[in-house]
Amino acid sequence: MLSVSTGQARGESGLSIPVTPWMDQDTQDRYAPIDIPLQPISINDLQETPLTAPREISTSAPVINVKPSTLETLYSGRIVDELEQYGYDLFDTTADLEKERLSMPAGAISDNYILSKGDTLDIIVRGQVNTQNQYTINNQGMLIVDDFTPLNAAGKSIEDIRALLQAETGGMHNTQIYISLSNVRQIGVLVVGHVKKPGRKNLTAFHTALDALSLAGGVDKTGSLRQIKLVRGGKSHTIDLYHLLMASGSGADKLLQDGDRLIVPPIGPTMAVSGAVKRPGIYELNAFDKISLHQALALSGGLMTPGQSRYMKMEFTSDGEETIQEVATSKQRLFGDGSILMVAQSEQKQASAVTLSGHTRQPGAHDLKKSNTLSALINDSKVLGKDIYPLIGIVERMDPNQLTKDLIAFSPRGVLKKQQDQQLKEGDIVHLFSMDEIRRLDPDHNSSHPLFHQASLNPQNAAIDEPVIAAFLKERSAFVRGAVRQEGAYPITKDTTLDSVLAVAGGMSLEANKESIEVTSRDLGRQTIDLKITNPSDVKISAGDTIRVNQKFHKINDQSVMLLGEVKHPGRYDLMPGDTMLKLMERAGGLTEQGYADGAIFSRASERKREQSRYKAQAQDLEMKLAASLQAVSDDKKPDMAQVSATQSLIAQLKSAQAVGRITVEADPASLTADPAQDILLEAGDKIFIPKRPLTVRVTGEVLSPAALQFKSGKDPLDYIREAGGTTYYADKDRAFVIYPDGSAQPLSISPWNHRSTMIPPGSMIIVPRDPKPFDFLESAERVSTMLANLAISGLYIEAIGDDD
């Protein structure tokens, strides 16, 4: 019999379950009170699990429905945290119980086990008579053993049966009785209420109420874990699974008997605990009486960490309004149905400790009693990181009067040498820095240095990200310039000397003039230090001072050219001021017999840079014009997809083009000797390629079969083009040109109606460019033909020279 009420109901068990104002209609329906009658329930109306044919159980992992329940959705909607109902995952690990529900328990059965009908005993007689048989207690509770008087075994223990049978063997000489339980009796238990699979469950006498609930699929989240009713012999017992979950109480679970009924009523009043507790969740209350803060924390496992925390209570009034108030007492009963306890953890504070931070091998908290000074904290160089900056560290301390951070500078090197020390206080943070962190404070000075680039590529080398500390270090910097290995700004403390500052700058370079070191000070002006006379450890350096190390000489930079091709000694040659092409040829042993000086390809680094910049500028110009044409209002001015694709392809070629930077020069040693005015001065980065004496003329571009064709005296350009298969459909015949072996160029007239003969020497290249018609939609489309020609020429020269940088 179910009775639903909108106010308050009381069942036979005396449990009063009111409907609270914070529940919606669906929740009120689920939480409605239920009267649980204790009269016998007919099992004919319930589905029975047959003992003889147990249903198949899948051995795969159970599928857990992760969709939150209505109650979980209600609570999670009121706070930020997503909370789960506590305890219902207890049944997720019992999927294999049904396969074992009729098996014997592991281990030996104690002699005080109470027998009942259905139990099977294995009885062994040894001595004057030797027998072994199994005997089952019948429905009348009788145990009938061969050659023995029938015994009323129901209700007796195994030990009692053994004693009775042993007594009957008193007249038999040296006879012993051995009894063990062979097969445990089966019981039927009815499970109803808020479980996933209600009905009759076939178990054994060794199974408990928790086993029966697990076999029923577990308790639904709409069911109670704390008010489960075990009905036996007309009497009702309450099972509270929280005792089992929280206190491991053995009394929370009970052995079952045949005919027992388990009734799972709707869930009772609930509250939620969130925040800094060990087990946030939604908890069922054992009664409708309110609980205290202390009890609520006990439900959630206690605070995450000890210390002061703030406690806020959320609850609904009778008018349906939600209120929030701070809880100041732990004993007053304040939390009831629908309440939420939010625990805010206070910031942790390490008492009697100082913290060592930054570039150290021993970071973290240190006992203030043992490390009450800097010299005690940094008592060995092993405490420091391998790339420590030795001239400054910082003690960060809270000023109790101003409630701000106070920064105190010290020298790690001075602390280790017992030249500096500082008393430490509780809560101090000692910062140590690496050389890389200090150099990053002054990126303008260090950005061009190769060591800086290498360090900046390492993601583990982080810069100082606290602005106050970075500013504190910068304002205490001394500046080192000139002939040192690492120019820059270096923070220092008082009593820092010249030798220490030069050391952190990497030391003086090879060209340094140790007799001329300028130190410019705010207080002392400028002075020149001669290290042959003055010990640098005697020169004090202050914050803001500038140190300049002058040079004795200028070191020779890498000044070289590359000479390739048909010379006797090709390779890379170092330059001296005034070196010319003729001198280079003489150093290389002159040309080989096959060397062709008229076809020399001379590539200059500065020209390559200009040519590369020109390609990029042309690509950007094309991109802008393409974008403008795509936005044209008139459809006849908009390009089609083929034109867009062709333009994008040209832009990609320009961006990836490799510049040659060719200059027309004279490379024949005899001609250079006769006419010194043509002997060009060489520059670092020049590349010279002397090809073999050619017997071909190359035809490339928009011809059907680009090829290197045999040179014949008297052949004109049109003859060579015909031998290459003639021009293609896309050829721009009016812009065809020839590049002579020395790099000079001349336009050609190859149209049959406008043809004139031009002498083509061996080693020349005839280029037929592509018609710029697909690019007509662009402004200055005629320039596209020039771009295409230049790209073709660059490709040919790169192929000839190769990439030997």
# chains A, B, ... in the order shown; residues from 1 in each chain; ligands from 1
call {"tool": "residues_around", "arguments": {"residues": "segment 333-344 of chain A", "least_positions_apart": "3", "cutoff": "9 Å", "atoms": "only C-alpha atoms", "output": "ChimeraX atom specification"}}
result
/A:20,22-23,75,78-79,268-277,282,284-285,288-293,295-297,303,309-316,327,330
call {"tool": "write_last_selection", "arguments": {"atoms": "N, CA and C atoms", "output": "mmCIF file, in the first residue's frame"}}
result
data_model
loop_
_atom_site.group_PDB
_atom_site.id
_atom_site.type_symbol
_atom_site.label_atom_id
_atom_site.label_comp_id
_atom_site.auth_asym_id
_atom_site.auth_seq_id
_atom_site.Cartn_x
_atom_site.Cartn_y
_atom_site.Cartn_z
ATOM 1 N N THR A 20 9.870 18.969 1.289
ATOM 2 C CA THR A 20 10.490 20.273 1.540
ATOM 3 C C THR A 20 10.276 21.208 0.372
ATOM 4 N N TRP A 22 12.219 23.087 -1.377
ATOM 5 C CA TRP A 22 13.213 23.218 -2.441
ATOM 6 C C TRP A 22 13.088 22.141 -3.505
ATOM 7 N N MET A 23 12.207 21.170 -3.276
ATOM 8 C CA MET A 23 12.049 20.090 -4.253
ATOM 9 C C MET A 23 11.106 20.509 -5.372
ATOM 10 N N TYR A 75 21.363 19.784 -6.898
ATOM 11 C CA TYR A 75 22.425 20.340 -6.052
ATOM 12 C C TYR A 75 23.503 21.019 -6.898
ATOM 13 N N ARG A 78 22.911 24.517 -7.993
ATOM 14 C CA ARG A 78 22.959 25.582 -6.973
ATOM 15 C C ARG A 78 24.377 26.051 -6.683
ATOM 16 N N ILE A 79 25.387 25.212 -6.997
ATOM 17 C CA ILE A 79 26.782 25.573 -6.757
ATOM 18 C C ILE A 79 27.587 25.244 -8.003
ATOM 19 N N GLY A 268 15.820 9.369 1.872
ATOM 20 C CA GLY A 268 15.351 10.296 2.901
ATOM 21 C C GLY A 268 15.908 11.692 2.701
ATOM 22 N N PRO A 269 15.938 12.498 3.725
ATOM 23 C CA PRO A 269 16.469 13.860 3.610
ATOM 24 C C PRO A 269 17.951 13.823 3.244
ATOM 25 N N THR A 270 18.379 14.819 2.499
ATOM 26 C CA THR A 270 19.766 14.874 2.030
ATOM 27 C C THR A 270 20.348 16.261 2.236
ATOM 28 N N MET A 271 21.678 16.318 2.228
ATOM 29 C CA MET A 271 22.415 17.576 2.214
ATOM 30 C C MET A 271 23.688 17.352 1.385
ATOM 31 N N ALA A 272 24.326 18.439 0.983
ATOM 32 C CA ALA A 272 25.542 18.353 0.170
ATOM 33 C C ALA A 272 26.681 19.052 0.884
ATOM 34 N N VAL A 273 27.891 18.528 0.678
ATOM 35 C CA VAL A 273 29.116 19.142 1.203
ATOM 36 C C VAL A 273 30.065 19.313 0.021
ATOM 37 N N SER A 274 30.575 20.533 -0.187
ATOM 38 C CA SER A 274 31.476 20.803 -1.308
ATOM 39 C C SER A 274 32.668 21.613 -0.820
ATOM 40 N N GLY A 275 33.679 21.677 -1.665
ATOM 41 C CA GLY A 275 34.850 22.480 -1.342
ATOM 42 C C GLY A 275 36.006 21.639 -0.840
ATOM 43 N N ALA A 276 36.757 22.189 0.114
ATOM 44 C CA ALA A 276 38.020 21.608 0.574
ATOM 45 C C ALA A 276 37.806 20.520 1.619
ATOM 46 N N VAL A 277 37.068 19.483 1.234
ATOM 47 C CA VAL A 277 36.874 18.315 2.093
ATOM 48 C C VAL A 277 37.377 17.090 1.336
ATOM 49 N N ILE A 282 26.865 14.314 -2.070
ATOM 50 C CA ILE A 282 25.500 14.470 -1.558
ATOM 51 C C ILE A 282 25.251 13.314 -0.596
ATOM 52 N N GLU A 284 22.880 11.333 2.447
ATOM 53 C CA GLU A 284 21.554 11.096 3.011
ATOM 54 C C GLU A 284 21.655 11.210 4.531
ATOM 55 N N LEU A 285 20.719 11.935 5.101
ATOM 56 C CA LEU A 285 20.681 12.077 6.547
ATOM 57 C C LEU A 285 19.878 10.927 7.158
ATOM 58 N N PHE A 288 15.226 13.263 10.158
ATOM 59 C CA PHE A 288 14.906 14.624 9.763
ATOM 60 C C PHE A 288 15.397 15.646 10.763
ATOM 61 N N ASP A 289 16.027 15.188 11.826
ATOM 62 C CA ASP A 289 16.650 16.130 12.740
ATOM 63 C C ASP A 289 17.874 16.727 12.065
ATOM 64 N N LYS A 290 18.119 18.015 12.304
ATOM 65 C CA LYS A 290 19.278 18.669 11.692
ATOM 66 C C LYS A 290 20.568 18.188 12.355
ATOM 67 N N ILE A 291 21.681 18.318 11.599
ATOM 68 C CA ILE A 291 22.973 17.898 12.130
ATOM 69 C C ILE A 291 23.880 19.112 12.246
ATOM 70 N N SER A 292 24.980 18.953 12.979
ATOM 71 C CA SER A 292 25.896 20.061 13.234
ATOM 72 C C SER A 292 26.980 20.108 12.166
ATOM 73 N N LEU A 293 27.774 21.182 12.212
ATOM 74 C CA LEU A 293 28.908 21.313 11.300
ATOM 75 C C LEU A 293 29.890 20.160 11.500
ATOM 76 N N GLN A 295 29.263 17.129 12.500
ATOM 77 C CA GLN A 295 28.710 15.903 11.928
ATOM 78 C C GLN A 295 28.741 15.942 10.397
ATOM 79 N N ALA A 296 28.494 17.120 9.813
ATOM 80 C CA ALA A 296 28.529 17.245 8.352
ATOM 81 C C ALA A 296 29.940 17.009 7.822
ATOM 82 N N LEU A 297 30.937 17.523 8.540
ATOM 83 C CA LEU A 297 32.318 17.291 8.126
ATOM 84 C C LEU A 297 32.695 15.826 8.275
ATOM 85 N N LEU A 303 38.205 17.712 6.769
ATOM 86 C CA LEU A 303 38.844 18.740 5.954
ATOM 87 C C LEU A 303 39.990 18.158 5.143
ATOM 88 N N SER A 309 39.447 27.341 8.201
ATOM 89 C CA SER A 309 38.682 27.356 6.958
ATOM 90 C C SER A 309 37.388 28.123 7.205
ATOM 91 N N ARG A 310 36.788 28.589 6.105
ATOM 92 C CA ARG A 310 35.518 29.288 6.196
ATOM 93 C C ARG A 310 34.415 28.324 5.804
ATOM 94 N N TYR A 311 33.295 28.392 6.539
ATOM 95 C CA TYR A 311 32.168 27.491 6.310
ATOM 96 C C TYR A 311 30.934 28.330 5.985
ATOM 97 N N MET A 312 30.324 28.048 4.834
ATOM 98 C CA MET A 312 29.134 28.761 4.403
ATOM 99 C C MET A 312 27.989 27.759 4.250
ATOM 100 N N LYS A 313 26.815 28.160 4.723
ATOM 101 C CA LYS A 313 25.636 27.302 4.627
ATOM 102 C C LYS A 313 24.642 27.920 3.661
ATOM 103 N N MET A 314 24.142 27.084 2.735
ATOM 104 C CA MET A 314 23.088 27.491 1.820
ATOM 105 C C MET A 314 21.853 26.654 2.122
ATOM 106 N N GLU A 315 20.707 27.314 2.206
ATOM 107 C CA GLU A 315 19.465 26.581 2.432
ATOM 108 C C GLU A 315 18.299 27.412 1.930
ATOM 109 N N PHE A 316 17.146 26.757 1.795
ATOM 110 C CA PHE A 316 15.924 27.419 1.348
ATOM 111 C C PHE A 316 15.058 27.747 2.553
ATOM 112 N N VAL A 327 28.972 30.002 8.914
ATOM 113 C CA VAL A 327 28.793 29.161 10.100
ATOM 114 C C VAL A 327 29.979 29.377 11.017
ATOM 115 N N SER A 330 30.531 24.797 15.618
ATOM 116 C CA SER A 330 30.611 23.433 15.097
ATOM 117 C C SER A 330 29.607 22.498 15.755
#
call {"tool": "residues_around", "arguments": {"residues": "Ser744 of chain A", "least_positions_apart": "6", "cutoff": "10 Å", "atoms": "only C-alpha atoms", "output": "VMD selection string"}}
result
chain A and resid 663 to 665 738 764
call {"tool": "atom_distance", "arguments": {"atom1": "atom CA of Gly385 of chain A", "atom2": "atom CA of Thr497 of chain A"}}
result
22.5 Å
call {"tool": "select_by_dssp", "arguments": {"residues": "segment 292-381 of chain A", "states": "alpha helix (DSSP H)", "output": "PyMOL selection string"}}
result
chain A and resi 293-299+374-377
call {"tool": "residues_around", "arguments": {"residues": "segment 525-536 of chain A", "least_positions_apart": "3", "cutoff": "12 Å", "atoms": "only C-alpha atoms", "output": "VMD selection string"}}
result
chain A and resid 496 to 503 508 512 to 522 539 to 541 544 to 550
call {"tool": "residues_around", "arguments": {"residues": "Asp122 of chain A", "least_positions_apart": "6", "cutoff": "12 Å", "atoms": "only C-alpha atoms", "output": "list of chain:residue names"}}
result
A:Thr131, A:Gln132, A:Asn133, A:Gln134, A:Tyr135, A:Thr136, A:Ile137, A:Leu143, A:Val145, A:Ile158, A:Ile161, A:Arg162, A:Ile177, A:Tyr178, A:Ile179, A:Ser180, A:Leu181, A:Ser182, A:Asn183, A:Val184
call {"tool": "write_last_selection", "arguments": {"atoms": "C-alpha atoms", "output": "short mmCIF file (atom, residue, chain, number, x, y, z; two decimals), in the first residue's frame"}}
result
data_model
loop_
_atom_site.label_atom_id
_atom_site.label_comp_id
_atom_site.auth_asym_id
_atom_site.auth_seq_id
_atom_site.Cartn_x
_atom_site.Cartn_y
_atom_site.Cartn_z
CA THR A 131 31.94 -45.77 5.40
CA GLN A 132 31.66 -42.42 3.61
CA ASN A 133 28.39 -40.94 2.31
CA GLN A 134 26.54 -37.67 1.88
CA TYR A 135 23.24 -37.12 3.67
CA THR A 136 20.78 -34.25 3.20
CA ILE A 137 18.53 -32.91 5.94
CA LEU A 143 19.02 -36.43 9.24
CA VAL A 145 22.33 -41.80 8.43
CA ILE A 158 27.54 -29.48 13.17
CA ILE A 161 25.38 -33.77 15.30
CA ARG A 162 28.95 -35.07 15.58
CA ILE A 177 33.05 -39.84 13.21
CA TYR A 178 34.10 -37.02 10.81
CA ILE A 179 31.48 -34.52 9.59
CA SER A 180 31.81 -31.65 7.14
CA LEU A 181 29.32 -29.50 5.28
CA SER A 182 29.23 -30.66 1.68
CA ASN A 183 26.51 -28.48 0.21
CA VAL A 184 24.98 -25.41 1.82
#
call {"tool": "atom_distance", "arguments": {"atom1": "atom CA of Lys474 of chain A", "atom2": "atom CA of Ile492 of chain A"}}
result
9.5 Å
